[in-house]
Each structure stands twice: as C-alpha cells, then as structure tokens.
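Student: Here you go, input24.cif (mmCIF, C-alpha atoms):
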data_work
loop_
_atom_site.label_atom_id
_atom_site.label_comp_id
_atom_site.auth_asym_id
_atom_site.auth_seq_id
_atom_site.Cartn_x
_atom_site.Cartn_y
_atom_site.Cartn_z
CA MET A 770 -17.98 -8.42 -24.38
CA THR A 771 -14.83 -9.99 -22.92
CA GLN A 772 -12.91 -6.73 -23.14
CA LEU A 773 -15.79 -4.82 -21.49
CA LEU A 774 -15.73 -7.28 -18.58
CA ILE A 775 -11.92 -7.11 -18.31
CA GLY A 776 -12.05 -3.32 -18.20
CA PHE A 777 -14.80 -3.32 -15.57
CA VAL A 778 -13.05 -5.80 -13.23
CA ILE A 779 -9.63 -4.13 -13.46
CA ALA A 780 -11.04 -0.64 -12.99
CA LEU A 781 -13.11 -1.86 -10.03
CA ALA A 782 -9.90 -3.11 -8.37
CA VAL A 783 -8.16 0.21 -9.05
CA GLY A 784 -11.09 2.15 -7.62
CA LEU A 785 -11.15 0.01 -4.47
CA THR A 786 -7.41 0.05 -3.74
CA GLY A 787 -5.71 2.61 -6.00
CA ILE A 788 -3.39 -0.07 -7.46
CA GLY A 789 -3.50 -2.96 -9.93
CA GLY A 790 -4.05 -1.24 -13.28
CA GLY A 791 -0.98 -2.38 -15.20
CA SER A 792 -0.47 -5.56 -13.18
CA PHE A 793 -3.84 -6.89 -14.32
CA THR A 794 -4.25 -5.24 -17.70
CA VAL A 795 -1.06 -6.49 -19.38
CA PRO A 796 -1.62 -10.21 -18.57
CA ALA A 797 -5.29 -9.90 -19.57
CA LEU A 798 -4.46 -8.30 -22.92
CA LEU A 799 -1.74 -10.84 -23.66
CA LEU A 800 -3.63 -13.96 -22.55
CA PHE A 801 -7.22 -13.12 -23.52
CA ALA A 802 -7.11 -10.34 -26.13
CA GLY A 803 -4.13 -11.82 -28.00
CA LEU A 804 -2.28 -8.52 -28.41
CA PRO A 805 1.48 -8.42 -29.10
CA ALA A 806 3.55 -7.52 -26.06
CA GLY A 807 4.37 -3.97 -27.17
CA GLU A 808 0.74 -3.10 -27.93
CA ALA A 809 -0.43 -4.70 -24.68
CA VAL A 810 1.88 -2.48 -22.61
CA GLY A 811 0.98 0.66 -24.56
CA THR A 812 -2.76 0.00 -24.36
CA ALA A 813 -2.46 -0.75 -20.63
CA PHE A 814 -0.68 2.57 -20.10
CA VAL A 815 -3.48 4.61 -21.69
CA PHE A 816 -6.20 2.59 -19.95
CA ALA A 817 -4.51 2.99 -16.55
CA GLY A 818 -4.13 6.72 -17.15
CA PHE A 819 -7.86 7.20 -17.80
CA VAL A 820 -8.88 5.00 -14.88
CA ARG A 821 -6.55 6.72 -12.42
CA LEU A 822 -7.67 10.12 -13.69
CA VAL A 823 -11.24 9.22 -12.69
CA ALA A 824 -10.17 7.67 -9.37
CA ALA A 825 -7.78 10.46 -8.36
CA PRO A 826 -10.35 13.01 -7.10
CA PHE A 827 -11.99 10.42 -4.81
CA TYR A 828 -8.66 9.67 -3.14
CA LEU A 829 -6.99 13.07 -3.31
CA PHE A 830 -9.84 14.98 -1.69
CA SER A 831 -9.81 12.70 1.34
CA ARG A 832 -6.06 12.14 1.60
CA GLN A 833 -3.13 14.50 1.74
CA ILE A 834 -0.32 14.78 -0.79
CA HIS A 835 3.28 15.32 0.25
CA SER A 836 4.56 17.56 -2.55
CA ARG A 837 8.24 17.20 -1.61
CA TYR A 838 8.25 13.41 -1.87
CA PHE A 839 6.07 13.56 -4.96
CA TRP A 840 8.63 15.64 -6.88
CA LEU A 841 11.53 13.57 -5.58
CA LEU A 842 9.85 10.45 -6.92
CA LEU A 843 9.22 12.02 -10.33
CA ARG A 844 12.82 13.22 -10.67
CA GLY A 845 14.02 9.63 -10.70
CA ALA A 846 11.03 7.78 -12.15
CA VAL A 847 10.43 9.83 -15.32
CA PRO A 848 13.92 9.16 -16.79
CA GLY A 849 13.50 5.54 -15.75
CA LEU A 850 10.11 5.41 -17.46
CA LEU A 851 11.56 6.55 -20.78
CA SER A 852 14.48 4.13 -20.39
CA GLY A 853 12.15 1.20 -19.70
CA THR A 854 10.00 2.06 -22.72
CA LEU A 855 13.07 2.09 -24.97
CA VAL A 856 14.18 -1.25 -23.52
CA LEU A 857 10.75 -2.70 -24.29
CA ARG A 858 10.92 -1.52 -27.91
CA PHE A 859 14.43 -2.90 -28.31
CA VAL A 860 13.60 -6.32 -26.85
CA THR A 861 10.38 -6.52 -28.86
CA ALA A 862 12.22 -5.78 -32.08
CA ARG A 863 15.10 -8.16 -31.39
CA GLY A 864 13.78 -10.98 -29.24
CA GLY A 865 10.32 -11.80 -30.54
CA ASN A 866 7.00 -11.72 -28.74
CA SER A 867 7.54 -14.86 -26.63
CA THR A 868 10.75 -13.48 -25.11
CA VAL A 869 9.02 -10.26 -24.11
CA VAL A 870 6.09 -12.21 -22.64
CA ILE A 871 8.48 -14.20 -20.43
CA LEU A 872 10.27 -11.04 -19.29
CA LEU A 873 6.98 -9.27 -18.60
CA GLY A 874 5.78 -12.25 -16.57
CA VAL A 875 8.95 -12.30 -14.47
CA VAL A 876 8.81 -8.53 -13.86
CA LEU A 877 5.12 -8.55 -12.92
CA ALA A 878 5.52 -11.57 -10.64
CA LEU A 879 8.48 -10.02 -8.81
CA THR A 880 6.64 -6.72 -8.46
CA ALA A 881 3.62 -8.45 -6.94
CA ALA A 882 5.81 -10.56 -4.65
CA LEU A 883 7.34 -7.42 -3.12
CA HIS A 884 3.97 -6.70 -1.54
CA PHE A 885 4.56 -9.65 0.80
CA ALA A 886 8.15 -8.72 1.66
CA PRO A 887 8.75 -7.66 5.28
CA ARG A 888 8.76 -3.91 5.81
CA ALA A 889 12.16 -2.32 6.42
CA ARG A 890 10.66 0.86 7.95
CA LYS A 891 13.58 3.25 7.55
CA PRO A 892 11.88 6.66 7.39
CA GLU A 893 14.79 8.39 9.10
CA PHE A 894 17.10 7.37 6.23
CA ILE A 895 15.17 9.27 3.56
CA TYR A 896 14.37 12.12 5.90
CA ARG A 897 18.07 12.76 6.41
CA ASN A 898 19.26 11.63 2.95
CA SER A 899 16.43 12.63 0.62
CA GLN A 900 18.84 13.00 -2.33
CA TRP A 901 18.75 9.19 -2.60
CA LEU A 902 15.02 8.98 -3.24
CA PRO A 903 15.23 9.78 -7.01
CA TRP A 904 17.80 7.00 -7.39
CA LEU A 905 15.48 4.57 -5.60
CA ALA A 906 12.59 5.72 -7.80
CA PHE A 907 14.56 5.25 -11.03
CA PRO A 908 14.13 1.43 -11.17
CA ILE A 909 10.42 1.89 -10.45
CA GLY A 910 10.23 4.06 -13.56
CA VAL A 911 12.18 1.49 -15.59
CA GLU A 912 9.86 -1.30 -14.47
CA SER A 913 6.81 0.85 -15.19
CA GLY A 914 8.07 1.79 -18.65
CA PHE A 915 8.76 -1.85 -19.50
CA SER A 916 5.52 -3.34 -18.17
CA SER A 917 3.17 -0.37 -17.44
CA ALA A 918 2.92 -1.72 -13.85
CA GLY A 919 4.70 -1.09 -10.58
CA ALA A 920 4.16 2.62 -9.99
CA GLY A 921 1.36 1.98 -7.51
CA ALA A 922 2.64 -1.12 -5.76
CA LEU A 923 6.37 -0.30 -5.70
CA GLY A 924 5.79 3.38 -5.00
CA THR A 925 3.67 2.48 -1.98
CA VAL A 926 6.30 0.06 -0.66
CA LEU A 927 9.05 2.66 -1.10
CA LEU A 928 7.13 5.46 0.62
CA LEU A 929 5.93 3.28 3.48
CA ASN A 930 9.45 2.06 4.18
CA TYR A 931 11.51 5.19 3.53
CA SER A 932 9.44 8.21 4.48
CA GLU A 933 7.90 9.67 7.59
CA MET A 934 4.52 10.09 5.87
CA THR A 935 1.30 8.76 7.31
CA PRO A 936 -0.46 5.93 5.39
CA SER A 937 -3.09 8.36 4.08
CA GLN A 938 -0.35 10.65 2.73
CA VAL A 939 1.34 7.65 1.11
CA VAL A 940 -1.88 6.67 -0.67
CA GLY A 941 -2.53 10.18 -1.98
CA THR A 942 1.06 10.86 -3.02
CA ASP A 943 1.52 7.50 -4.69
CA LEU A 944 -1.79 7.74 -6.53
CA LEU A 945 -0.81 11.09 -8.06
CA PHE A 946 2.67 9.70 -8.80
CA GLY A 947 1.21 6.70 -10.64
CA LEU A 948 -1.22 8.94 -12.52
CA VAL A 949 1.58 11.17 -13.85
CA LEU A 950 3.64 8.16 -14.96
CA ALA A 951 0.60 6.64 -16.68
CA VAL A 952 -0.10 9.88 -18.56
CA ILE A 953 3.52 10.30 -19.67
CA GLY A 954 3.84 6.64 -20.67
CA GLY A 955 0.50 6.70 -22.47
CA ILE A 956 1.45 9.79 -24.49
CA PHE A 957 4.78 8.23 -25.42
CA HIS A 958 3.20 4.96 -26.58
CA TRP A 959 0.47 6.84 -28.43
CA ALA A 960 3.10 8.86 -30.28
CA ILE A 961 4.98 5.76 -31.42
CA GLY A 962 1.78 3.93 -32.38
CA SER A 963 2.02 0.96 -29.98
CA ILE A 964 -1.64 1.13 -28.89
CA SER A 965 -4.60 -0.96 -30.07
CA SER A 966 -7.57 1.40 -30.36
CA SER A 967 -9.97 -1.47 -31.11
CA VAL A 968 -9.15 -2.99 -27.71
CA LEU A 969 -8.71 0.25 -25.78
CA PHE A 970 -12.22 1.63 -26.36
CA PRO A 971 -14.10 -1.46 -25.05
CA LEU A 972 -11.77 -1.47 -22.03
CA LEU A 973 -12.67 2.15 -21.31
CA LEU A 974 -16.40 1.52 -21.76
CA GLY A 975 -16.24 -1.18 -19.11
CA GLY A 976 -13.63 0.57 -16.99
CA LEU A 977 -15.35 3.91 -16.37
CA PRO A 978 -18.35 2.48 -14.49
CA GLY A 979 -16.04 -0.02 -12.78
CA VAL A 980 -13.73 2.61 -11.32
CA LEU A 981 -16.65 4.78 -10.19
CA LEU A 982 -18.24 1.83 -8.40
CA GLY A 983 -14.89 0.89 -6.83
CA CYS A 984 -14.29 4.40 -5.54
CA LEU A 985 -17.77 4.53 -4.00
CA LEU A 986 -17.25 1.16 -2.29
CA SER A 987 -13.69 1.92 -1.14
CA ARG A 988 -14.91 3.67 2.02
CA ARG A 989 -16.77 0.56 3.17
CA ILE A 990 -14.22 -2.13 2.30
CA PRO A 991 -10.74 -2.27 3.95
CA ALA A 992 -8.23 -1.56 1.19
CA HIS A 993 -5.23 -3.24 2.87
CA ARG A 994 -6.88 -6.67 2.68
CA LEU A 995 -7.86 -6.18 -0.94
CA ARG A 996 -4.33 -5.08 -1.81
CA ALA A 997 -3.01 -8.45 -0.64
CA VAL A 998 -5.58 -10.27 -2.77
CA ILE A 999 -4.73 -8.10 -5.80
CA ALA A 1000 -1.01 -8.72 -5.28
CA LEU A 1001 -1.62 -12.48 -5.14
CA LEU A 1002 -3.70 -12.41 -8.34
CA ALA A 1003 -1.06 -10.28 -10.07
CA LEU A 1004 1.60 -12.79 -8.98
CA CYS A 1005 -0.42 -15.62 -10.52
CA GLY A 1006 -0.93 -13.58 -13.70
CA GLY A 1007 2.80 -12.95 -14.02
CA LEU A 1008 3.61 -16.63 -13.55
CA GLN A 1009 0.98 -17.53 -16.16
CA LEU A 1010 2.71 -15.21 -18.63
CA VAL A 1011 6.02 -16.97 -17.97
CA VAL A 1012 4.41 -20.35 -18.62
CA SER A 1013 2.74 -19.11 -21.81
CA GLY A 1014 5.97 -17.56 -23.09
CA VAL A 1015 7.97 -20.71 -22.39
CA LYS A 1016 5.37 -22.86 -24.19
CA ALA A 1017 5.46 -20.52 -27.20
CA ARG A 1018 9.27 -20.71 -27.34
CA SER A 1019 9.26 -24.51 -27.06
CA GLN A 1020 6.71 -24.79 -29.86
CA ARG A 1021 8.85 -22.56 -32.06
CA ALA A 1022 11.91 -24.64 -31.24
CA THR A 1023 9.99 -27.83 -32.07
CA ASN A 1024 8.76 -26.52 -35.41
CA ALA A 1025 12.07 -24.96 -36.43
CA PRO A 1026 13.98 -28.20 -37.29
CA SER A 1027 11.21 -29.49 -39.54
CA ASP A 1028 11.06 -26.17 -41.37
CA SER A 1029 14.82 -26.04 -41.81
CA THR A 1030 14.90 -29.69 -42.93
CA ALA A 1031 12.31 -28.98 -45.57
CA GLU A 1032 14.29 -26.01 -46.78
CA ASN A 1033 17.63 -27.85 -46.83
CA SER A 1034 16.39 -31.16 -48.29
CA PRO A 1035 17.91 -31.90 -51.72
CA ARG A 1036 15.56 -31.26 -54.56
CA SER A 1037 14.72 -34.24 -56.72
CA SER A 1038 16.84 -34.13 -59.83
CA PRO A 1039 14.99 -34.07 -63.10
CA SER A 1040 15.00 -37.26 -65.05
CA PRO A 1041 17.45 -37.21 -67.94
CA LYS A 1042 15.99 -36.83 -71.38
CA CYS A 1043 16.04 -39.85 -73.58
CA LEU A 1044 18.62 -39.76 -76.29
CA ASN A 1045 17.43 -40.29 -79.73
#
Rewrite the coordinates I just gave you, this time as structure tokens.
Tutor:
Amino acid sequence: MTQLLIGFVIALAVGLTGIGGGSFTVPALLLFAGLPAGEAVGTAFVFAGFVRLVAAPFYLFSRQIHSRYFWLLLRGAVPGLLSGTLVLRFVTARGGNSTVVILLGVVLALTAALHFAPRARKPEFIYRNSQWLPWLAFPIGVESGFSSAGAGALGTVLLLNYSEMTPSQVVGTDLLFGLVLAVIGGIFHWAIGSISSSVLFPLLLGGLPGVLLGCLLSRRIPAHRLRAVIALLALCGGLQLVVSGVKARSQRATNAPSDSTAENSPRSSPSPKCLN
C-alpha cells in the first residue's frame, strides 16, 4: 500500500510539471522502502521511464520540440549517463550503502537548489557556440546516471539560460531528453540486475493513474509554481538522505570498537590438568 501511494504521488507530480521523477523516487525508496542505494537508483530509472513515456504525448502534442538542441544535449549526456552509472556501481561496491546514501543526498539537494539560482540568460552564447552544449550536458548525464535525477530540472535550467527557445519549446525538448535518458538508464540497470521488481510493480500500479491525472490537471494548474514546490521538497528529501547516511555511519563507527574488542580479547586459558 505504501509503495502504491508513493508511485501515485510521484507520478502525479511528474504529470503536473514534467519533472521530479528521480528526485522524489530515490529518497522514497531509500527512506521508506528500505532498498539498497544501487537498487533504489535502478528502480527509479525504470519507474521514471514508464511515467515519462505516459506523460510525453500530453506535453509533446501541445509543445514544440527543438530537434537541434535535443541532439546536442544527447551527444553529451549519454556518455555522462554511462559514466555516472559506472561511478555509482564502483562507490556502492567500495564504500558501503551509507556512503552512497550521503552522496546521493548531496547530489539531489544541490540539483534541487539550482532551481532557485538566478537565471544567467545567455542564449546568444549557445546560439553562436553550440559546440559547447554537449560539454555542458555531460555533467547532467553523470548526475542522472549516479542518482537517476537531474535530467528534467538541470536540462530545463540549461535550456532556459543558454538557448533562444521559447519556454514551451524548452518543456517539450527537455521532456523528450529526460525520457530518452530514463529509457537508456533503465535498460542499463535492468541488464546488470540492479532493479527490485517487487518494489517496481507496485510503484507502476500507483504511478500510471497518478501520471494520467497529473497530465489532465496540468492545463488548469500553473506548472511554474508547482516546480518551485517540487524543488523545495526534493531539497528536503536530499538533506534527509544526508542525515540518514551520517547517522548510519556513526552507528557503524560506534559498534565497530566493541566488535573489534570482542574479537581481539584474549581467550581464557584452559585450567591446567592436575598432576597425579
């Protein structure tokens, strides 16, 4: 029941604004579902892919897509996505779950905080120097591969600041961009087995009606105000992950000396046999 509700609420937010899938799903799966960090990211990727696939027609039919900027974004973000996924696997294998939780919390919090950063508005820079856009999209791919989040929020910020597109073109282009990254990341995580099917299916059962309802309501509710609320909630979720990871590390550090003391304590010597 909890996973159905989580899927419904997250998908409703995605349907209303086009963003928020990974930013909400990863903290929810870590804090409430109790998944390991690697499985949480992989499951969030597949869930976000399905939800965006349902939401895409509602947004794409009413908004334009700038194909040139779309392909420029993918040229940089796809290699970054694969790099971020490999970094996640390496840190998970070497650093333990609490370390990855702290890193995920920091990344998600910073990503959400960028929503409130002042706009640079430099469309003439990219228009004249478009070869730089893949390099600017590369860290978005890395962040998305590591945390399954960021494609929607960071892609929107990048396109609003460094393109001459209208806001409607930005929404359509970024939605398709995030969808492609979610599909690629989901396939990659599915292939390496870092997905929890028992959690994914309840999320989808709750998410499909949630995203449909959100898309239907999106024409009546101003998305820009909801995006600020979603960014604030994602910021709080990222900070909560940092707190949880730090507590887990401190508990491990507290328990470690007692365990090592027990292991290193001298064994009681057997009593000598009586001599006859």
Student: List the residues selected by the PyMOL selection byres ((chain A and resi 954-959) around 8) in the file shown, writing them as a PyMOL selection string.
Tutor: chain A and resi 811-812+814-815+818+850-851+854+914+917+950-953+960-964
Student: Would you work out the distance separating CA of Thr794 (chain A) from CA of Phe830 (chain A), expressed in Å to one decimal?
Tutor: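 Computing it gives 26.4 Å between the two atoms.
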Student: Near Phe970 (chain A), within 10 Å and counting all atoms listed in the file, which residues show up once chain neighbours fewer than 6 positions away are dropped, as number ranges by chain?
Tutor: A: 772-773, 776, 812, 816, 976
Student: What does the structure give for the distance between CA of Gly910 (chain A) and CA of Val875 (chain A), in Å to one decimal?
Tutor: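 For CA of Gly910 (chain A) relative to CA of Val875 (chain A), the distance reads 16.4 Å.
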Student: State, in Å with one decimal place, the distance from CA of Leu928 (chain A) to CA of Ala780 (chain A).
Tutor: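 Taking CA of Leu928 (chain A) and CA of Ala780 (chain A), their separation equals 23.5 Å.
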Student: Starting from the sparse input, extend region 844-871 of chain A to N, CA and C atoms and give the output as a PDB file, keeping the file's coordinate frame.
Tutor:
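Okay, rebuild-v8.pdb is ready:
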ATOM      1  N   ARG A 844      11.471  12.931 -10.167  1.00  0.00           N
ATOM      2  CA  ARG A 844      12.820  13.220 -10.670  1.00  0.00           C
ATOM      3  C   ARG A 844      13.567  11.956 -11.071  1.00  0.00           C
ATOM      4  N   GLY A 845      13.353  10.871 -10.346  1.00  0.00           N
ATOM      5  CA  GLY A 845      14.020   9.630 -10.700  1.00  0.00           C
ATOM      6  C   GLY A 845      13.203   8.732 -11.606  1.00  0.00           C
ATOM      7  N   ALA A 846      11.869   8.756 -11.450  1.00  0.00           N
ATOM      8  CA  ALA A 846      11.030   7.780 -12.150  1.00  0.00           C
ATOM      9  C   ALA A 846      10.801   8.162 -13.606  1.00  0.00           C
ATOM     10  N   VAL A 847      10.708   9.448 -13.936  1.00  0.00           N
ATOM     11  CA  VAL A 847      10.430   9.830 -15.320  1.00  0.00           C
ATOM     12  C   VAL A 847      11.571   9.422 -16.258  1.00  0.00           C
ATOM     13  N   PRO A 848      12.844   9.707 -15.933  1.00  0.00           N
ATOM     14  CA  PRO A 848      13.920   9.160 -16.790  1.00  0.00           C
ATOM     15  C   PRO A 848      13.905   7.644 -16.853  1.00  0.00           C
ATOM     16  N   GLY A 849      13.597   6.995 -15.734  1.00  0.00           N
ATOM     17  CA  GLY A 849      13.500   5.540 -15.750  1.00  0.00           C
ATOM     18  C   GLY A 849      12.366   5.045 -16.620  1.00  0.00           C
ATOM     19  N   LEU A 850      11.249   5.774 -16.625  1.00  0.00           N
ATOM     20  CA  LEU A 850      10.110   5.410 -17.460  1.00  0.00           C
ATOM     21  C   LEU A 850      10.482   5.427 -18.937  1.00  0.00           C
ATOM     22  N   LEU A 851      11.136   6.468 -19.372  1.00  0.00           N
ATOM     23  CA  LEU A 851      11.560   6.550 -20.780  1.00  0.00           C
ATOM     24  C   LEU A 851      12.577   5.469 -21.097  1.00  0.00           C
ATOM     25  N   SER A 852      13.484   5.181 -20.167  1.00  0.00           N
ATOM     26  CA  SER A 852      14.480   4.130 -20.390  1.00  0.00           C
ATOM     27  C   SER A 852      13.806   2.764 -20.513  1.00  0.00           C
ATOM     28  N   GLY A 853      12.844   2.480 -19.635  1.00  0.00           N
ATOM     29  CA  GLY A 853      12.150   1.200 -19.700  1.00  0.00           C
ATOM     30  C   GLY A 853      11.352   1.028 -20.969  1.00  0.00           C
ATOM     31  N   THR A 854      10.748   2.124 -21.466  1.00  0.00           N
ATOM     32  CA  THR A 854      10.000   2.060 -22.720  1.00  0.00           C
ATOM     33  C   THR A 854      10.922   1.749 -23.895  1.00  0.00           C
ATOM     34  N   LEU A 855      12.106   2.366 -23.901  1.00  0.00           N
ATOM     35  CA  LEU A 855      13.070   2.090 -24.970  1.00  0.00           C
ATOM     36  C   LEU A 855      13.571   0.652 -24.901  1.00  0.00           C
ATOM     37  N   VAL A 856      13.767   0.149 -23.682  1.00  0.00           N
ATOM     38  CA  VAL A 856      14.180  -1.250 -23.520  1.00  0.00           C
ATOM     39  C   VAL A 856      13.101  -2.192 -24.067  1.00  0.00           C
ATOM     40  N   LEU A 857      11.845  -1.880 -23.780  1.00  0.00           N
ATOM     41  CA  LEU A 857      10.750  -2.700 -24.290  1.00  0.00           C
ATOM     42  C   LEU A 857      10.738  -2.729 -25.819  1.00  0.00           C
ATOM     43  N   ARG A 858      10.911  -1.573 -26.445  1.00  0.00           N
ATOM     44  CA  ARG A 858      10.920  -1.520 -27.910  1.00  0.00           C
ATOM     45  C   ARG A 858      12.098  -2.292 -28.482  1.00  0.00           C
ATOM     46  N   PHE A 859      13.247  -2.203 -27.830  1.00  0.00           N
ATOM     47  CA  PHE A 859      14.430  -2.900 -28.310  1.00  0.00           C
ATOM     48  C   PHE A 859      14.256  -4.420 -28.208  1.00  0.00           C
ATOM     49  N   VAL A 860      13.771  -4.883 -27.050  1.00  0.00           N
ATOM     50  CA  VAL A 860      13.600  -6.320 -26.850  1.00  0.00           C
ATOM     51  C   VAL A 860      12.512  -6.861 -27.765  1.00  0.00           C
ATOM     52  N   THR A 861      11.448  -6.082 -27.970  1.00  0.00           N
ATOM     53  CA  THR A 861      10.380  -6.520 -28.860  1.00  0.00           C
ATOM     54  C   THR A 861      10.870  -6.671 -30.283  1.00  0.00           C
ATOM     55  N   ALA A 862      11.716  -5.734 -30.705  1.00  0.00           N
ATOM     56  CA  ALA A 862      12.220  -5.780 -32.080  1.00  0.00           C
ATOM     57  C   ALA A 862      13.237  -6.895 -32.281  1.00  0.00           C
ATOM     58  N   ARG A 863      14.008  -7.202 -31.243  1.00  0.00           N
ATOM     59  CA  ARG A 863      15.100  -8.160 -31.390  1.00  0.00           C
ATOM     60  C   ARG A 863      14.756  -9.564 -30.920  1.00  0.00           C
ATOM     61  N   GLY A 864      13.944  -9.674 -29.865  1.00  0.00           N
ATOM     62  CA  GLY A 864      13.780 -10.980 -29.240  1.00  0.00           C
ATOM     63  C   GLY A 864      12.517 -11.729 -29.586  1.00  0.00           C
ATOM     64  N   GLY A 865      11.567 -11.106 -30.254  1.00  0.00           N
ATOM     65  CA  GLY A 865      10.320 -11.800 -30.540  1.00  0.00           C
ATOM     66  C   GLY A 865       9.326 -11.663 -29.406  1.00  0.00           C
ATOM     67  N   ASN A 866       8.070 -11.943 -29.707  1.00  0.00           N
ATOM     68  CA  ASN A 866       7.000 -11.720 -28.740  1.00  0.00           C
ATOM     69  C   ASN A 866       7.099 -12.662 -27.538  1.00  0.00           C
ATOM     70  N   SER A 867       7.490 -13.913 -27.740  1.00  0.00           N
ATOM     71  CA  SER A 867       7.540 -14.860 -26.630  1.00  0.00           C
ATOM     72  C   SER A 867       8.578 -14.462 -25.590  1.00  0.00           C
ATOM     73  N   THR A 868       9.722 -13.929 -26.043  1.00  0.00           N
ATOM     74  CA  THR A 868      10.750 -13.480 -25.110  1.00  0.00           C
ATOM     75  C   THR A 868      10.242 -12.336 -24.243  1.00  0.00           C
ATOM     76  N   VAL A 869       9.550 -11.391 -24.863  1.00  0.00           N
ATOM     77  CA  VAL A 869       9.020 -10.260 -24.110  1.00  0.00           C
ATOM     78  C   VAL A 869       7.946 -10.726 -23.138  1.00  0.00           C
ATOM     79  N   VAL A 870       7.124 -11.692 -23.534  1.00  0.00           N
ATOM     80  CA  VAL A 870       6.090 -12.210 -22.640  1.00  0.00           C
ATOM     81  C   VAL A 870       6.715 -12.830 -21.403  1.00  0.00           C
ATOM     82  N   ILE A 871       7.793 -13.591 -21.587  1.00  0.00           N
ATOM     83  CA  ILE A 871       8.480 -14.200 -20.430  1.00  0.00           C
ATOM     84  C   ILE A 871       9.041 -13.115 -19.516  1.00  0.00           C
TER      85      ILE A 871
END
